[in-house]
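Everything below concerns the one structure shown next.
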Amino acid sequence: MRVSRIVTNSEARLPQQVSRRRFMGGAVGLAALGSFAAACQGDASPAANSSAASPSPVAAQSGGGASASPSPSATAAAGPDPQLLAQRYQGLKPFAPAPAPPAVKPIALSVEHPQVFAKVPISDKVVFVTVDDGIEKDPAYIQMVKDFQIPITISLADTLIRDDYAYFEKLYQTGFVSIQNHTVNHPLNMPSLSAQRQLDEISGQQQKLEREYGATPYLFRAPGGNYNSVTVNAVKQAGLKGMMNWKESMEIHDMQYQTASHNLQPGDIILAHFRGPAQLKGETMVQMMINLYKHIQAQGFTVADVTKYV
């Protein structure tokens, strides 16, 4: 529910290298996972409470921060292999290199005034891929990230990842993934929670992600896109700088659009989920991402790192 930040060697900040190969027999049972999946399938339109505050942009310190991923490995220096991608991923091609991000980030964020955004105001044919939750932990998806070498932002909820923290550590260490905050328990009813409960959900997950991955997220994504002014204030109190929503969401084969044109637009943020056959009617997560990438490439877009723009 951190498209990833790809950094130069001089900028790279490796996460704390305490490898956690723990399989904790997660607290979330199959029934609970099914309910999470069903609830999130309709996440095409973030449903902000009518009382939600959406603060205006401010010219303050912009994003970035310690949630940047490690540098891509030397084996990625040559770029993705077109033949391998075509054979392994149903004829897909490498994505075109993203243009250089603006010298001044189009969205300036600050802890004092967390901004809510669903796209980035740019004109380049660039979109941003984000993946939420953490139900599915398919090793083949880690390989897919390595093969395509495009930035991905993942927003993680502890209740859905704690049975296998190591999976997301491996994903993070590809160097193409950044990690953001998606609460501890994935409450879809955030606006109905007390101010303290909302703060606990957000600040608690900050602590867990720092402990497990050495990452310090600066973006928050509310489960289901549901938030209100209390949520925005909790984001501020927890030390995050912004709330990231989306303009399109990926289902099994098709995208759900929030615009009547049913087309991608420059700067759109796309939502996908860590899902597997149990939630995708037998399809794998890799197949779902193949379908997503086909949509993006067919419309002439490439993928960039959202943390370089906000």
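Simple scheme: letters A, B, ... for chains in structure tokens order, numbers from 1 for residues in each chain, numbers from 1 for ligands in the order shown.
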Going by DSSP on the backbone, which residues of range 69-295 of chain A come out as alpha helix (DSSP H)? List them as JSON, numbers by chain. {"A": [82, 83, 84, 85, 86, 87, 88, 139, 140, 141, 142, 143, 144, 145, 146, 147, 148, 158, 159, 160, 161, 165, 166, 167, 168, 169, 170, 171, 172, 195, 196, 197, 198, 199, 200, 201, 202, 203, 204, 205, 206, 207, 208, 209, 210, 211, 212, 213, 229, 230, 231, 232, 233, 234, 235, 236, 237, 285, 286, 287, 288, 289, 290, 291, 292, 293, 294, 295]}
Can you pull out every residue within 10 Å of Asn291 in chain A, counting only C-alpha atoms, but drop anything in the same chain fewer than 4 positions away, and send it as JSON, numbers by chain? {"A": [89, 90, 92, 250, 251, 252, 253, 254, 255, 285, 286, 287, 295, 296]}
Save the residues we just selected, all heavy atoms, as a CSV table (one decimal), in the first residue's frame?
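Below you can see result37.csv, which holds the result:
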chain,number,residue,atom,x,y,z
A,89,TYR,N,8.9,-12.3,-19.9
A,89,TYR,CA,7.7,-11.4,-19.5
A,89,TYR,C,6.8,-11.1,-20.7
A,89,TYR,O,6.4,-10.0,-21.0
A,89,TYR,CB,8.2,-10.2,-18.8
A,89,TYR,CG,9.0,-10.4,-17.6
A,89,TYR,CD1,10.4,-10.3,-17.6
A,89,TYR,CD2,8.4,-10.9,-16.4
A,89,TYR,CE1,11.2,-10.5,-16.5
A,89,TYR,CE2,9.2,-11.2,-15.3
A,89,TYR,CZ,10.6,-11.0,-15.3
A,89,TYR,OH,11.3,-11.3,-14.2
A,90,GLN,N,6.6,-12.1,-21.5
A,90,GLN,CA,5.5,-12.1,-22.6
A,90,GLN,C,5.8,-10.9,-23.6
A,90,GLN,O,4.9,-10.2,-23.9
A,90,GLN,CB,4.2,-11.9,-21.9
A,90,GLN,CG,3.8,-13.1,-21.0
A,90,GLN,CD,2.5,-13.0,-20.4
A,90,GLN,OE1,1.7,-12.1,-20.7
A,90,GLN,NE2,2.2,-13.9,-19.4
A,92,LEU,N,7.5,-8.1,-23.3
A,92,LEU,CA,7.7,-6.7,-22.8
A,92,LEU,C,9.1,-6.3,-23.2
A,92,LEU,O,10.1,-7.1,-23.2
A,92,LEU,CB,7.5,-6.7,-21.3
A,92,LEU,CG,6.1,-6.6,-20.9
A,92,LEU,CD1,6.0,-6.8,-19.3
A,92,LEU,CD2,5.5,-5.2,-21.2
A,250,MET,N,-4.4,-0.8,-10.3
A,250,MET,CA,-4.3,-2.0,-11.1
A,250,MET,C,-5.0,-3.2,-10.5
A,250,MET,O,-4.8,-3.5,-9.3
A,250,MET,CB,-2.8,-2.4,-11.3
A,250,MET,CG,-2.6,-3.6,-12.2
A,250,MET,SD,-3.1,-3.2,-13.9
A,250,MET,CE,-3.2,-4.8,-14.6
A,251,GLU,N,-5.9,-3.8,-11.3
A,251,GLU,CA,-6.6,-5.0,-10.8
A,251,GLU,C,-5.8,-6.2,-11.5
A,251,GLU,O,-4.6,-6.2,-11.6
A,251,GLU,CB,-8.0,-4.9,-11.2
A,251,GLU,CG,-8.8,-3.7,-10.6
A,251,GLU,CD,-8.7,-3.7,-9.0
A,251,GLU,OE1,-8.6,-4.8,-8.4
A,251,GLU,OE2,-8.6,-2.6,-8.5
A,252,ILE,N,-6.6,-7.2,-11.9
A,252,ILE,CA,-5.9,-8.4,-12.4
A,252,ILE,C,-5.3,-8.2,-13.8
A,252,ILE,O,-4.1,-8.4,-14.1
A,252,ILE,CB,-6.8,-9.6,-12.4
A,252,ILE,CG1,-7.3,-9.9,-10.9
A,252,ILE,CG2,-6.1,-10.9,-12.9
A,252,ILE,CD1,-8.4,-10.9,-10.8
A,253,HIS,N,-6.2,-7.7,-14.7
A,253,HIS,CA,-5.8,-7.5,-16.1
A,253,HIS,C,-5.9,-6.0,-16.5
A,253,HIS,O,-5.2,-5.6,-17.4
A,253,HIS,CB,-6.7,-8.3,-17.0
A,253,HIS,CG,-6.6,-9.8,-16.8
A,253,HIS,ND1,-7.6,-10.5,-16.1
A,253,HIS,CD2,-5.6,-10.7,-17.1
A,253,HIS,CE1,-7.2,-11.8,-16.0
A,253,HIS,NE2,-6.0,-11.9,-16.6
A,254,ASP,N,-6.8,-5.3,-15.8
A,254,ASP,CA,-7.1,-3.9,-16.3
A,254,ASP,C,-6.8,-2.9,-15.2
A,254,ASP,O,-6.7,-3.2,-14.0
A,254,ASP,CB,-8.6,-3.8,-16.7
A,254,ASP,CG,-8.9,-4.7,-17.8
A,254,ASP,OD1,-8.1,-4.8,-18.8
A,254,ASP,OD2,-9.9,-5.5,-17.7
A,255,MET,N,-6.7,-1.6,-15.6
A,255,MET,CA,-6.5,-0.6,-14.7
A,255,MET,C,-7.9,0.1,-14.5
A,255,MET,O,-8.7,0.2,-15.4
A,255,MET,CB,-5.5,0.4,-15.1
A,255,MET,CG,-4.1,0.0,-14.8
A,255,MET,SD,-2.9,1.3,-14.8
A,255,MET,CE,-2.9,1.8,-16.6
A,285,MET,N,1.3,-12.6,-8.9
A,285,MET,CA,1.6,-11.2,-8.9
A,285,MET,C,2.4,-10.8,-10.1
A,285,MET,O,2.3,-9.7,-10.6
A,285,MET,CB,2.3,-10.9,-7.6
A,285,MET,CG,2.7,-9.4,-7.5
A,285,MET,SD,3.3,-8.9,-5.9
A,285,MET,CE,3.6,-7.2,-6.2
A,286,VAL,N,3.3,-11.6,-10.5
A,286,VAL,CA,4.2,-11.3,-11.7
A,286,VAL,C,3.3,-11.1,-12.9
A,286,VAL,O,3.5,-10.1,-13.7
A,286,VAL,CB,5.2,-12.4,-11.9
A,286,VAL,CG1,5.9,-12.3,-13.3
A,286,VAL,CG2,6.3,-12.4,-10.8
A,287,GLN,N,2.3,-11.9,-13.1
A,287,GLN,CA,1.4,-11.8,-14.2
A,287,GLN,C,0.6,-10.4,-14.1
A,287,GLN,O,0.5,-9.7,-15.1
A,287,GLN,CB,0.4,-12.9,-14.3
A,287,GLN,CG,-0.5,-12.8,-15.5
A,287,GLN,CD,0.2,-12.8,-16.8
A,287,GLN,OE1,1.0,-13.8,-17.1
A,287,GLN,NE2,0.0,-11.8,-17.7
A,295,HIS,N,0.1,-2.0,-20.0
A,295,HIS,CA,-0.7,-0.8,-20.1
A,295,HIS,C,0.2,0.5,-20.2
A,295,HIS,O,-0.1,1.4,-21.0
A,295,HIS,CB,-1.6,-0.7,-18.9
A,295,HIS,CG,-2.8,-1.6,-18.9
A,295,HIS,ND1,-3.9,-1.4,-19.7
A,295,HIS,CD2,-3.1,-2.7,-18.2
A,295,HIS,CE1,-4.8,-2.3,-19.5
A,295,HIS,NE2,-4.3,-3.1,-18.6
A,296,ILE,N,1.2,0.5,-19.4
A,296,ILE,CA,2.1,1.7,-19.4
A,296,ILE,C,2.8,1.8,-20.7
A,296,ILE,O,2.9,2.9,-21.3
A,296,ILE,CB,3.1,1.6,-18.2
A,296,ILE,CG1,2.3,1.6,-16.8
A,296,ILE,CG2,4.1,2.7,-18.2
A,296,ILE,CD1,3.2,1.3,-15.6
Residue nearest Tyr293 in chain A among A:Gly214, A:Gly242, A:Pro223, A:Gly91 (counting only C-alpha atoms):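 The shortest atom-to-atom distance to Tyr293 in chain A comes from A:Gly91.
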With only C-alpha atoms as the basis for distance, which of A:Thr284, A:Val306, A:Asp132, A:Asn263 is at the shortest distance from Ala222 in chain A?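 Going through A:Thr284, A:Val306, A:Asp132, A:Asn263 one by one, the smallest distance to Ala222 in chain A is for A:Asp132.
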Between CA of Ile152 in chain A and CA of Asn185 in chain A - distance in Å to one decimal: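 Those two atoms sit 22.4 Å apart.
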Could you tell me which of A:Ala304, A:Ile202, A:Leu280, A:Leu188 comes closest to Phe95 in chain A if we count only C-alpha atoms?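 Of A:Ala304, A:Ile202, A:Leu280, A:Leu188, the one nearest Phe95 in chain A, counting only C-alpha atoms, is A:Ala304.
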Closest to Val127 in chain A among A:Glu212, A:Asp81, A:Asp158, A:Asp305, using only C-alpha atoms?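 The shortest atom-to-atom distance to Val127 in chain A comes from A:Asp305.
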Quick one: distance from CA of Gly300 in chain A to CA of Met288 in chain A in Å, one decimal?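 That distance, rounded to one decimal, is 19.0 Å.
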Residues near Phe274 in chain A, cut-off 9 Å, only C-alpha atoms, skip fewer than 2 positions along chain, as a VMD selection string: chain A and resid 1 131 to 138 272 276 285
Between A:Val232, A:Ala157, A:Met289, A:Leu219, single out the one closest to Leu199 in chain A, counting only C-alpha atoms.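 That would be A:Val232, the residue with the smallest distance to Leu199 in chain A.
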Could you write out, as a ChimeraX atom specification, all the residues of range 49-294 of chain A that DSSP marks as strand (DSSP E)? /A:115-117,126-133,152-156,177-181,219-220,242-244,248-250,255-257,269-273
Contacts of Asn233 in chain A within 9 Å, only C-alpha atoms, excl. fewer than 5 positions in-chain, as a list in words: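 The filter keeps His113, Pro114, Ala195, Leu199, Asn228 and Ala238 of chain A.
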Residues as selected, all heavy atoms, written as an mmCIF file, in the first residue's frame, can you do that?
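Just written: result.cif:
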data_model
loop_
_atom_site.group_PDB
_atom_site.id
_atom_site.type_symbol
_atom_site.label_atom_id
_atom_site.label_comp_id
_atom_site.auth_asym_id
_atom_site.auth_seq_id
_atom_site.Cartn_x
_atom_site.Cartn_y
_atom_site.Cartn_z
ATOM 1 N N HIS A 113 3.547 21.109 7.278
ATOM 2 C CA HIS A 113 2.326 21.158 6.470
ATOM 3 C C HIS A 113 2.278 19.941 5.541
ATOM 4 O O HIS A 113 2.528 20.071 4.341
ATOM 5 C CB HIS A 113 2.271 22.451 5.649
ATOM 6 C CG HIS A 113 2.283 23.699 6.478
ATOM 7 N ND1 HIS A 113 1.165 24.179 7.103
ATOM 8 C CD2 HIS A 113 3.304 24.540 6.799
ATOM 9 C CE1 HIS A 113 1.475 25.278 7.768
ATOM 10 N NE2 HIS A 113 2.763 25.521 7.603
ATOM 11 N N PRO A 114 1.973 18.752 6.059
ATOM 12 C CA PRO A 114 1.925 17.566 5.181
ATOM 13 C C PRO A 114 0.905 17.766 4.060
ATOM 14 O O PRO A 114 -0.232 18.136 4.304
ATOM 15 C CB PRO A 114 1.486 16.444 6.139
ATOM 16 C CG PRO A 114 1.828 16.947 7.506
ATOM 17 C CD PRO A 114 1.624 18.434 7.448
ATOM 18 N N ALA A 195 -7.864 10.190 17.603
ATOM 19 C CA ALA A 195 -6.608 10.818 17.219
ATOM 20 C C ALA A 195 -5.419 9.998 17.706
ATOM 21 O O ALA A 195 -4.427 9.812 16.987
ATOM 22 C CB ALA A 195 -6.550 12.240 17.779
ATOM 23 N N LEU A 199 -2.547 8.129 15.384
ATOM 24 C CA LEU A 199 -1.124 8.404 15.590
ATOM 25 C C LEU A 199 -0.365 7.123 15.897
ATOM 26 O O LEU A 199 0.740 6.904 15.381
ATOM 27 C CB LEU A 199 -0.952 9.403 16.735
ATOM 28 C CG LEU A 199 0.493 9.751 17.119
ATOM 29 C CD1 LEU A 199 1.242 10.337 15.927
ATOM 30 C CD2 LEU A 199 0.511 10.709 18.307
ATOM 31 N N ASN A 228 -8.939 11.699 7.150
ATOM 32 C CA ASN A 228 -9.599 12.958 7.452
ATOM 33 C C ASN A 228 -8.563 13.919 8.023
ATOM 34 O O ASN A 228 -7.358 13.626 8.001
ATOM 35 C CB ASN A 228 -10.787 12.751 8.404
ATOM 36 C CG ASN A 228 -10.386 12.134 9.738
ATOM 37 O OD1 ASN A 228 -9.198 11.964 10.039
ATOM 38 N ND2 ASN A 228 -11.369 11.799 10.553
ATOM 39 N N ALA A 238 3.742 12.366 13.560
ATOM 40 C CA ALA A 238 4.660 11.235 13.392
ATOM 41 C C ALA A 238 5.924 11.612 12.632
ATOM 42 O O ALA A 238 6.826 10.790 12.481
ATOM 43 C CB ALA A 238 3.950 10.088 12.676
#
Using only C-alpha atoms, can you tell me which of A:Val116, A:Met190, A:Ile269, A:Leu209 comes closest to Tyr165 in chain A?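 Of A:Val116, A:Met190, A:Ile269, A:Leu209, the one nearest Tyr165 in chain A is A:Leu209, counting only C-alpha atoms.
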State, in Å with one decimal place, the distance from CA of Phe176 in chain A to CA of Ala100 in chain A.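 Straight-line distance from CA of Phe176 in chain A to CA of Ala100 in chain A works out to 16.5 Å.
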Contacts of Thr302 in chain A at 9 Å or less, counting only C-alpha atoms, minus same-chain residues fewer than 5 places along, as a list in words?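 Counting only C-alpha atoms, the residues come to Phe95, Ala96, Pro97, Ala98, Lys125, Val126, Val127, Phe128, Ile296 and Gln297 of chain A.
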